[in-house]
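Data block for final-v7.txt (compact mmCIF, C-alpha atoms):
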```txt
# COMPACT_ATOMS: atom_id res chain seq x y z
CA MET A 182 -9.14 -44.95 -23.54
CA ASN A 183 -9.44 -43.67 -19.98
CA ASP A 184 -5.73 -44.36 -19.42
CA GLU A 185 -4.88 -42.40 -22.56
CA LYS A 186 -7.04 -39.45 -21.41
CA ALA A 187 -5.47 -39.50 -17.97
CA SER A 188 -2.02 -39.62 -19.52
CA SER A 189 -2.90 -36.76 -21.82
CA VAL A 190 -4.17 -34.62 -18.92
CA GLN A 191 -1.02 -35.35 -16.91
CA ILE A 192 1.23 -34.35 -19.84
CA SER A 193 -0.80 -31.14 -20.30
CA VAL A 194 -0.45 -30.23 -16.61
CA GLN A 195 3.29 -30.88 -16.68
CA ALA A 196 3.66 -28.80 -19.83
CA CYS A 197 1.77 -25.89 -18.26
CA ALA A 198 3.93 -26.08 -15.13
CA GLN A 199 7.10 -26.11 -17.20
CA ALA A 200 5.86 -23.17 -19.27
CA GLY A 201 5.04 -21.23 -16.09
CA ALA A 202 8.48 -21.96 -14.66
CA ALA A 203 10.15 -20.97 -17.90
CA GLY A 204 8.07 -17.80 -18.04
CA SER A 205 9.05 -16.62 -14.56
CA ASP A 206 11.71 -13.92 -14.57
CA PRO A 207 14.62 -14.61 -12.16
CA LEU A 208 15.46 -10.90 -12.13
CA LEU A 209 11.94 -9.97 -11.07
CA ASN A 210 12.07 -12.61 -8.35
CA LYS A 211 15.34 -11.18 -7.04
CA VAL A 212 13.94 -7.65 -7.05
CA SER A 213 10.83 -8.84 -5.20
CA ASP A 214 12.91 -10.69 -2.60
CA PHE A 215 15.14 -7.65 -2.11
CA LYS A 216 12.12 -5.37 -1.65
CA ASP A 217 10.72 -7.75 0.95
CA ALA A 218 14.07 -7.89 2.77
CA CYS A 219 14.35 -4.08 2.75
CA TRP A 220 10.84 -3.71 4.15
CA ARG A 221 11.63 -6.07 7.03
CA PHE A 222 14.97 -4.29 7.50
CA LEU A 223 13.08 -1.01 8.06
CA ARG A 224 11.02 -2.56 10.93
CA PRO A 225 7.50 -1.59 9.75
CA HIS A 226 6.09 -1.00 13.24
CA THR A 227 8.63 1.80 13.80
CA ILE A 228 7.80 3.31 10.40
CA ARG A 229 4.12 3.44 11.35
CA GLY A 230 4.98 5.17 14.63
CA THR A 231 7.22 7.75 12.97
CA THR A 232 4.71 8.42 10.18
CA LEU A 233 1.70 8.75 12.48
CA GLY A 234 3.62 10.96 14.89
CA SER A 235 4.82 13.29 12.16
CA ILE A 236 1.41 13.61 10.51
CA ALA A 237 -0.35 14.16 13.84
CA LEU A 238 1.98 16.98 14.88
CA VAL A 239 1.80 18.70 11.50
CA VAL A 240 -2.00 18.45 11.46
CA ARG A 241 -2.14 19.88 14.97
CA ALA A 242 0.02 22.85 14.00
CA LEU A 243 -2.14 23.46 10.93
CA ILE A 244 -5.38 23.26 12.93
CA GLU A 245 -4.00 25.88 15.32
CA ASN A 246 -3.02 28.15 12.41
CA SER A 247 -5.46 27.27 9.63
CA ASN A 248 -5.26 30.80 8.19
CA LEU A 249 -1.59 30.23 7.30
CA ILE A 250 -2.03 27.00 5.35
CA LYS A 251 -0.48 27.05 1.85
CA TRP A 252 -0.34 24.24 -0.67
CA SER A 253 3.32 25.03 -1.23
CA LEU A 254 4.00 23.65 2.27
CA LEU A 255 2.83 20.20 1.24
CA LEU A 256 6.06 19.35 -0.58
CA LYS A 257 8.10 20.54 2.40
CA ALA A 258 6.02 18.38 4.74
CA PHE A 259 6.57 15.29 2.58
CA SER A 260 10.30 15.97 2.38
CA GLY A 261 10.40 16.25 6.16
CA LEU A 262 8.58 12.95 6.56
CA LEU A 263 11.01 11.30 4.12
CA ALA A 264 13.95 12.63 6.16
CA LEU A 265 12.44 11.21 9.36
CA LEU A 266 11.88 7.83 7.74
CA CYS A 267 15.49 7.86 6.55
CA GLY A 268 16.64 8.59 10.09
CA ASN A 269 14.41 5.81 11.38
CA GLY A 270 15.84 3.42 8.78
CA TYR A 271 19.40 4.33 9.73
CA ILE A 272 18.85 3.73 13.45
CA VAL A 273 16.99 0.40 13.17
CA GLY A 274 19.31 -0.73 10.37
CA ILE A 275 22.59 -0.13 12.14
CA ASN A 276 21.18 -1.90 15.18
CA GLN A 277 20.55 -5.01 13.06
CA ILE A 278 24.06 -4.90 11.60
CA TYR A 279 25.60 -5.15 15.06
CA ASP A 280 22.98 -7.53 16.48
CA ILE A 281 23.19 -10.39 13.97
CA GLY A 282 24.07 -13.05 16.53
CA ILE A 283 21.38 -11.94 18.97
CA ASP A 284 18.78 -11.63 16.22
CA LYS A 285 19.44 -15.20 15.07
CA VAL A 286 18.08 -16.25 18.46
CA ASN A 287 15.49 -13.54 19.20
CA LYS A 288 14.36 -12.38 15.75
CA PRO A 289 15.41 -14.94 13.10
CA TYR A 290 12.89 -13.43 10.67
CA LEU A 291 14.93 -10.22 10.29
CA PRO A 292 16.65 -10.06 6.89
CA ILE A 293 20.32 -10.05 7.94
CA ALA A 294 19.83 -12.75 10.56
CA SER A 295 17.90 -14.92 8.08
CA GLY A 296 20.47 -14.41 5.30
CA ASP A 297 18.03 -12.56 3.02
CA LEU A 298 20.14 -9.38 3.12
CA SER A 299 23.92 -9.25 3.13
CA VAL A 300 25.84 -7.13 5.60
CA GLY A 301 27.37 -5.19 2.70
CA SER A 302 23.94 -4.33 1.32
CA ALA A 303 22.77 -3.37 4.79
CA TRP A 304 25.69 -0.95 5.16
CA LEU A 305 24.88 0.64 1.80
CA LEU A 306 21.28 1.10 2.89
CA VAL A 307 22.04 2.68 6.28
CA LEU A 308 24.67 5.02 4.85
CA GLY A 309 22.26 5.98 2.07
CA PHE A 310 19.53 6.67 4.63
CA ALA A 311 21.84 8.85 6.74
CA VAL A 312 23.17 10.89 3.81
CA THR A 313 19.73 11.32 2.21
CA GLY A 314 17.99 12.30 5.42
CA LEU A 315 20.70 14.73 6.50
CA SER A 316 20.81 16.33 3.04
CA ILE A 317 17.03 16.88 3.02
CA VAL A 318 17.03 18.44 6.48
CA ALA A 319 20.05 20.68 5.83
CA ALA A 320 18.56 21.93 2.56
CA ASN A 321 15.07 22.63 3.89
CA PHE A 322 14.87 23.12 7.64
CA GLY A 323 17.75 25.27 8.83
CA PRO A 324 20.67 24.77 11.23
CA PHE A 325 18.68 24.19 14.44
CA ILE A 326 16.57 21.31 13.10
CA THR A 327 19.68 19.95 11.33
CA SER A 328 21.50 19.85 14.67
CA LEU A 329 18.58 18.02 16.28
CA TYR A 330 18.59 15.53 13.40
CA CYS A 331 22.33 14.96 13.83
CA LEU A 332 21.80 14.43 17.55
CA GLY A 333 19.21 11.76 16.78
CA LEU A 334 21.58 9.98 14.41
CA PHE A 335 24.40 10.21 16.96
CA LEU A 336 22.26 8.74 19.74
CA GLY A 337 21.08 5.95 17.43
CA THR A 338 24.71 5.20 16.58
CA ILE A 339 26.09 5.01 20.11
CA TYR A 340 23.08 2.88 21.09
CA SER A 341 24.25 0.04 18.82
CA VAL A 342 27.85 0.56 17.70
CA PRO A 343 30.93 -0.63 19.66
CA PRO A 344 32.77 0.47 21.67
CA PHE A 345 29.87 2.53 23.02
CA ARG A 346 26.99 0.07 22.53
CA MET A 347 24.87 1.83 25.12
CA LYS A 348 22.11 -0.75 24.73
CA ARG A 349 24.16 -2.88 27.14
CA PHE A 350 23.26 -0.47 29.94
CA PRO A 351 19.53 -0.42 30.71
CA VAL A 352 19.25 3.16 31.98
CA ALA A 353 21.29 4.63 29.11
CA ALA A 354 19.30 2.57 26.57
CA PHE A 355 15.97 3.77 28.00
CA LEU A 356 17.06 7.40 27.98
CA ILE A 357 18.26 7.22 24.37
CA ILE A 358 15.03 5.66 23.10
CA ALA A 359 12.86 8.06 25.10
CA THR A 360 14.87 11.07 23.87
CA VAL A 361 14.82 10.11 20.18
CA ARG A 362 11.26 8.80 19.87
CA GLY A 363 9.80 11.07 22.50
CA PHE A 364 11.34 14.52 22.74
CA LEU A 365 13.32 14.91 19.50
CA LEU A 366 10.58 13.64 17.18
CA ASN A 367 7.71 15.61 18.72
CA PHE A 368 9.54 18.83 19.50
CA GLY A 369 11.48 18.76 16.23
CA VAL A 370 8.48 18.19 13.95
CA TYR A 371 6.34 20.78 15.67
CA TYR A 372 9.15 23.35 15.70
CA ALA A 373 9.85 22.75 11.99
CA THR A 374 6.15 23.07 11.13
CA ARG A 375 5.76 26.36 12.96
CA ALA A 376 8.94 27.65 11.32
CA ALA A 377 7.56 26.68 7.89
CA LEU A 378 4.40 28.65 8.73
CA GLY A 379 6.51 31.67 9.66
CA LEU A 380 5.70 31.42 13.37
CA PRO A 381 8.11 31.57 16.32
CA PHE A 382 8.32 28.77 18.83
CA GLU A 383 7.68 30.24 22.28
CA TRP A 384 8.40 28.64 25.65
CA ARG A 385 7.10 29.94 28.93
CA GLN A 386 8.73 28.87 32.17
CA VAL A 387 6.57 28.34 35.23
CA SER A 388 8.23 27.37 38.51
CA LEU A 389 10.61 24.47 37.80
CA LEU A 390 8.59 23.06 34.90
CA ILE A 391 8.62 24.26 31.29
CA TYR A 392 5.34 24.56 29.44
CA ILE A 393 4.40 25.77 26.01
CA ASN A 394 2.05 28.76 25.85
CA GLU A 395 -1.66 28.15 26.25
CA VAL A 396 -2.35 27.79 22.55
CA THR A 397 0.12 24.93 22.16
CA SER A 398 -0.45 23.12 25.49
CA PRO A 399 -1.53 19.94 23.63
CA VAL A 400 1.94 19.75 22.06
CA ALA A 401 3.56 20.00 25.48
CA PHE A 402 1.20 17.21 26.52
CA ILE A 403 1.98 14.90 23.59
CA THR A 404 5.74 15.47 23.95
CA THR A 405 5.60 14.50 27.63
CA PHE A 406 3.17 11.66 27.04
CA VAL A 407 5.14 10.11 24.18
CA THR A 408 8.48 10.51 25.97
CA ILE A 409 7.11 8.48 28.88
CA PHE A 410 5.52 6.07 26.40
CA ALA A 411 8.85 5.67 24.61
CA LEU A 412 10.39 4.80 27.97
CA VAL A 413 7.78 2.05 28.35
CA ILE A 414 8.56 0.78 24.85
CA ALA A 415 12.25 0.75 25.75
CA ILE A 416 11.49 -1.30 28.85
CA THR A 417 9.06 -3.76 27.29
CA LYS A 418 10.88 -4.26 23.97
CA ASP A 419 13.27 -6.65 25.72
CA LEU A 420 10.50 -8.89 27.03
CA PRO A 421 10.38 -11.21 23.97
CA ASP A 422 14.21 -11.20 23.73
CA VAL A 423 15.21 -12.55 27.12
CA GLU A 424 16.60 -15.81 25.74
CA GLY A 425 19.00 -14.18 23.28
CA ASP A 426 19.96 -11.37 25.65
CA ARG A 427 20.99 -13.86 28.31
CA LYS A 428 22.95 -15.91 25.80
CA PHE A 429 24.92 -12.88 24.60
CA GLN A 430 25.17 -11.32 28.08
CA ILE A 431 23.11 -8.25 27.22
CA SER A 432 21.98 -6.75 30.52
CA THR A 433 18.35 -5.62 30.47
CA LEU A 434 15.76 -5.08 33.17
CA ALA A 435 13.91 -8.11 31.79
CA THR A 436 16.93 -10.37 32.30
CA LYS A 437 17.61 -8.90 35.75
CA LEU A 438 14.12 -8.53 37.22
CA GLY A 439 12.14 -11.04 35.21
CA VAL A 440 9.50 -10.77 32.51
CA ARG A 441 6.53 -10.58 34.89
CA ASN A 442 7.93 -7.72 36.94
CA ILE A 443 8.85 -5.68 33.86
CA ALA A 444 5.42 -6.24 32.30
CA PHE A 445 3.85 -4.92 35.51
CA LEU A 446 6.25 -1.96 35.53
CA GLY A 447 5.49 -1.06 31.91
CA SER A 448 1.74 -1.38 32.42
CA GLY A 449 1.93 0.72 35.58
CA LEU A 450 3.83 3.53 33.86
CA LEU A 451 1.33 3.59 31.01
CA LEU A 452 -1.60 3.67 33.42
CA MET A 453 0.04 6.67 35.13
CA ASN A 454 0.28 8.28 31.69
CA TYR A 455 -3.43 7.75 31.08
CA VAL A 456 -4.36 9.04 34.55
CA GLY A 457 -2.22 12.11 33.85
CA SER A 458 -3.98 12.62 30.52
CA ILE A 459 -7.43 12.48 32.10
CA SER A 460 -6.27 14.84 34.87
CA ALA A 461 -4.91 17.29 32.28
CA ALA A 462 -8.30 17.37 30.58
CA LEU A 463 -10.08 17.93 33.91
CA PHE A 464 -7.82 20.71 35.17
CA MET A 465 -7.06 22.44 31.84
CA PRO A 466 -10.45 22.65 30.09
CA GLN A 467 -9.27 25.69 28.11
CA ALA A 468 -6.55 23.60 26.42
CA PHE A 469 -8.21 20.22 25.80
CA ARG A 470 -11.52 18.86 24.54
CA ARG A 471 -12.78 16.92 27.55
CA GLY A 472 -15.49 15.15 25.61
CA LEU A 473 -12.87 13.29 23.56
CA MET A 474 -9.77 13.25 25.72
CA ILE A 475 -11.30 11.70 28.85
CA PRO A 476 -13.29 8.80 27.31
CA ALA A 477 -10.58 8.02 24.74
CA HIS A 478 -7.87 7.63 27.38
CA LEU A 479 -10.23 5.75 29.68
CA ILE A 480 -10.92 3.21 26.92
CA LEU A 481 -7.20 2.86 26.14
CA ALA A 482 -6.43 2.35 29.83
CA ILE A 483 -9.09 -0.36 30.14
CA GLY A 484 -7.66 -2.08 27.05
CA LEU A 485 -4.19 -2.02 28.63
CA VAL A 486 -5.46 -3.56 31.88
CA PHE A 487 -7.25 -6.30 29.93
CA GLN A 488 -4.12 -7.07 27.87
CA ALA A 489 -2.01 -7.26 31.04
CA TRP A 490 -4.60 -9.62 32.53
CA LEU A 491 -4.44 -11.82 29.41
CA LEU A 492 -0.66 -11.96 29.70
CA GLU A 493 -0.97 -13.14 33.29
CA GLN A 494 -3.59 -15.74 32.37
CA GLU A 495 -1.39 -17.15 29.60
CA ASN A 496 1.50 -17.47 32.04
CA TYR A 497 3.88 -15.21 30.12
CA THR A 498 4.49 -17.52 27.19
CA LYS A 499 6.62 -16.13 24.34
CA GLU A 500 3.51 -15.80 22.13
CA ALA A 501 1.63 -13.94 24.87
CA ILE A 502 4.58 -11.63 25.51
CA SER A 503 4.84 -10.82 21.79
CA GLY A 504 1.12 -10.09 21.70
CA TYR A 505 1.43 -7.80 24.70
CA TYR A 506 4.32 -5.90 23.09
CA ARG A 507 2.36 -5.49 19.82
CA PHE A 508 -0.57 -4.13 21.82
CA ILE A 509 1.72 -1.54 23.45
CA TRP A 510 2.64 -0.30 19.96
CA ASN A 511 -1.05 -0.21 18.98
CA LEU A 512 -1.70 2.03 21.99
CA PHE A 513 1.18 4.21 20.80
CA TYR A 514 -0.40 4.55 17.35
CA ALA A 515 -3.82 5.27 18.89
CA GLU A 516 -2.46 8.22 20.87
CA TYR A 517 -1.17 9.91 17.74
CA ILE A 518 -4.42 9.22 15.88
CA ILE A 519 -6.53 11.05 18.49
CA PHE A 520 -3.97 13.77 19.22
CA PRO A 521 -4.93 16.31 16.50
CA PHE A 522 -8.50 16.34 17.80
CA ILE A 523 -7.99 16.72 21.56
```
Mind turning the file's structure into structure tokens?
Amino acid sequence: MNDEKASSVQISVQACAQAGAAGSDPLLNKVSDFKDACWRFLRPHTIRGTTLGSIALVVRALIENSNLIKWSLLLKAFSGLLALLCGNGYIVGINQIYDIGIDKVNKPYLPIASGDLSVGSAWLLVLGFAVTGLSIVAANFGPFITSLYCLGLFLGTIYSVPPFRMKRFPVAAFLIIATVRGFLLNFGVYYATRAALGLPFEWRQVSLLIYINEVTSPVAFITTFVTIFALVIAITKDLPDVEGDRKFQISTLATKLGVRNIAFLGSGLLLMNYVGSISAALFMPQAFRRGLMIPAHLILAIGLVFQAWLLEQENYTKEAISGYYRFIWNLFYAEYIIFPFI
């Protein structure tokens, strides 16, 4: 009797499994897999940075001019964010198309390197991103912002695509990343927001340095801060990729000077950024809220020192290096989160 019951239970389980398998939709599975591949193709950490940066700059402009806020601007803001995400997708996507061999060593989880996304599909995606983003900007934001957008796409192209492939040259690679993620994003978004509000964008030149007028000093600050931060990201992004870069003869500061030295360099530049931020709050009380800006940057600086110490204690293993690089991006996000309120 017990054997018959056990046999009956086993048959029932098998029948349920077969029914579940039969009930699964292969088309739905393919769609789900493609969505997952596309999400990885977009490099989510860069999407978060672009989204947070855009929202922070728009919020800052609206706080400064709250009397000009209209609900009709909301659709324009979302279209601008979509255009930026398309530009981001184009730049990170075309880099993956030309880095398949390197990514198989350094980042085998990326969709093209892992075989989850074909090169043909990747090309359709990046071309679609470029056309969509450029169309949105041209239709909504005027010739100046359109030219800045085209410059960003051009720099992203020559960074990855032969025969230029500027990523082979450390200084050129750093300048491109700092320009696109630092200056173009921050200046472009803020300029477009003020234009949408019907306000001019005014620069005032003092000595050899260029500052924005007193009302918008925080935007001058965040543009400078993030440009330097983007330079640090450009330097430290190669830390987890030393093995593949050496194999494919990609010259980076990490392959030339060593992981430890570059980690110290990146941490030092960020600490200088934080010291500069605290100094700006001390010497420009009319432009910044000291009560938030000083303690916030002090806490972020202490977190950076602790993370650098952890990296040293773990002897620069690949896992520790990846954790350090993720923390750098978290600091990047944190700066944009506090920016509207400083």
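Interatomic distance, CA of Asp280 (chain A) against CA of Gly425 (chain A): 10.3 Å.
Of the residues listed (A:Ile283, A:Val300, A:Met474, A:Leu223), A:Met474 shows the shortest atom-to-atom separation from Ile519 (chain A); distances use only C-alpha atoms.
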Which polymer residues have any atom within 12 Å of an atom of Phe522 (chain A), counting only C-alpha atoms, with same-chain residues fewer than 4 positions away left out, as a compact mmCIF listing (two decimals) with C-alpha atoms, keeping the file's coordinate frame?
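Everything below was put into around35.txt:
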```
# COMPACT_ATOMS: atom_id res chain seq x y z
CA ALA A 237 -0.35 14.16 13.84
CA LEU A 238 1.98 16.98 14.88
CA VAL A 240 -2.00 18.45 11.46
CA ARG A 241 -2.14 19.88 14.97
CA ALA A 242 0.02 22.85 14.00
CA LEU A 243 -2.14 23.46 10.93
CA ILE A 244 -5.38 23.26 12.93
CA GLU A 245 -4.00 25.88 15.32
CA PRO A 399 -1.53 19.94 23.63
CA VAL A 400 1.94 19.75 22.06
CA ALA A 468 -6.55 23.60 26.42
CA PHE A 469 -8.21 20.22 25.80
CA ARG A 470 -11.52 18.86 24.54
CA ARG A 471 -12.78 16.92 27.55
CA GLY A 472 -15.49 15.15 25.61
CA LEU A 473 -12.87 13.29 23.56
CA MET A 474 -9.77 13.25 25.72
CA ALA A 477 -10.58 8.02 24.74
CA GLU A 516 -2.46 8.22 20.87
CA TYR A 517 -1.17 9.91 17.74
CA ILE A 518 -4.42 9.22 15.88
```
Test item: residues at most 7 Å from region 414-417 of chain A, only C-alpha atoms, excluding those fewer than 6 positions along its chain, as a ChimeraX atom specification: /A:355,358,443-444,447,506
Atom pair CA of Met465 (chain A) / CA of Thr405 (chain A): separation (Å): 15.5 Å
Contacts of Leu446 (chain A) at 9 Å (all atoms listed in the file; same-chain gap of 4+ positions) as a PyMOL selection string: chain A and resi 413+416-417+441-442+450-451
For CA of Ile480 (chain A) and CA of Val456 (chain A), the interatomic separation in Å (one decimal):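 Straight-line distance from CA of Ile480 (chain A) to CA of Val456 (chain A) works out to 11.6 Å.
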Shortest interatomic distance to Ala373 (chain A) - which of A:Gly323, A:Leu512, A:Gln488, A:Gly282, counting all atoms listed in the file: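 Looking only at the distances to Ala373 (chain A), the closest residue turns out to be A:Gly323.
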Among the residues A:Leu378, A:Asp426, A:Pro207, A:Leu438, the one that comes closest to Ser253 (chain A) [using all atoms listed in the file]: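 The closest residue to Ser253 (chain A) is A:Leu378.
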Minimum-distance residue to Leu266 (chain A), chosen among A:Lys418, A:Arg375, A:Arg229, A:Lys211 (using all atoms listed in the file): A:Arg229
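By chain and then residue number, the residues within 12 Å of Leu452 (chain A) are Phe406, Ile409, Phe410, Val413, Phe445, Leu446, Gly447, Ser448, Gly449, Leu450, Asn454, Tyr455, Val456, Gly457, Ser458, Ile459, His478, Leu479, Ile480, Leu481, Ala482, Ile483, Gly484, Leu485, Val486, Phe487, Ala489, Ile509 and Leu512 of chain A, counting all atoms listed in the file and disregarding those fewer than 2 positions away in sequence.
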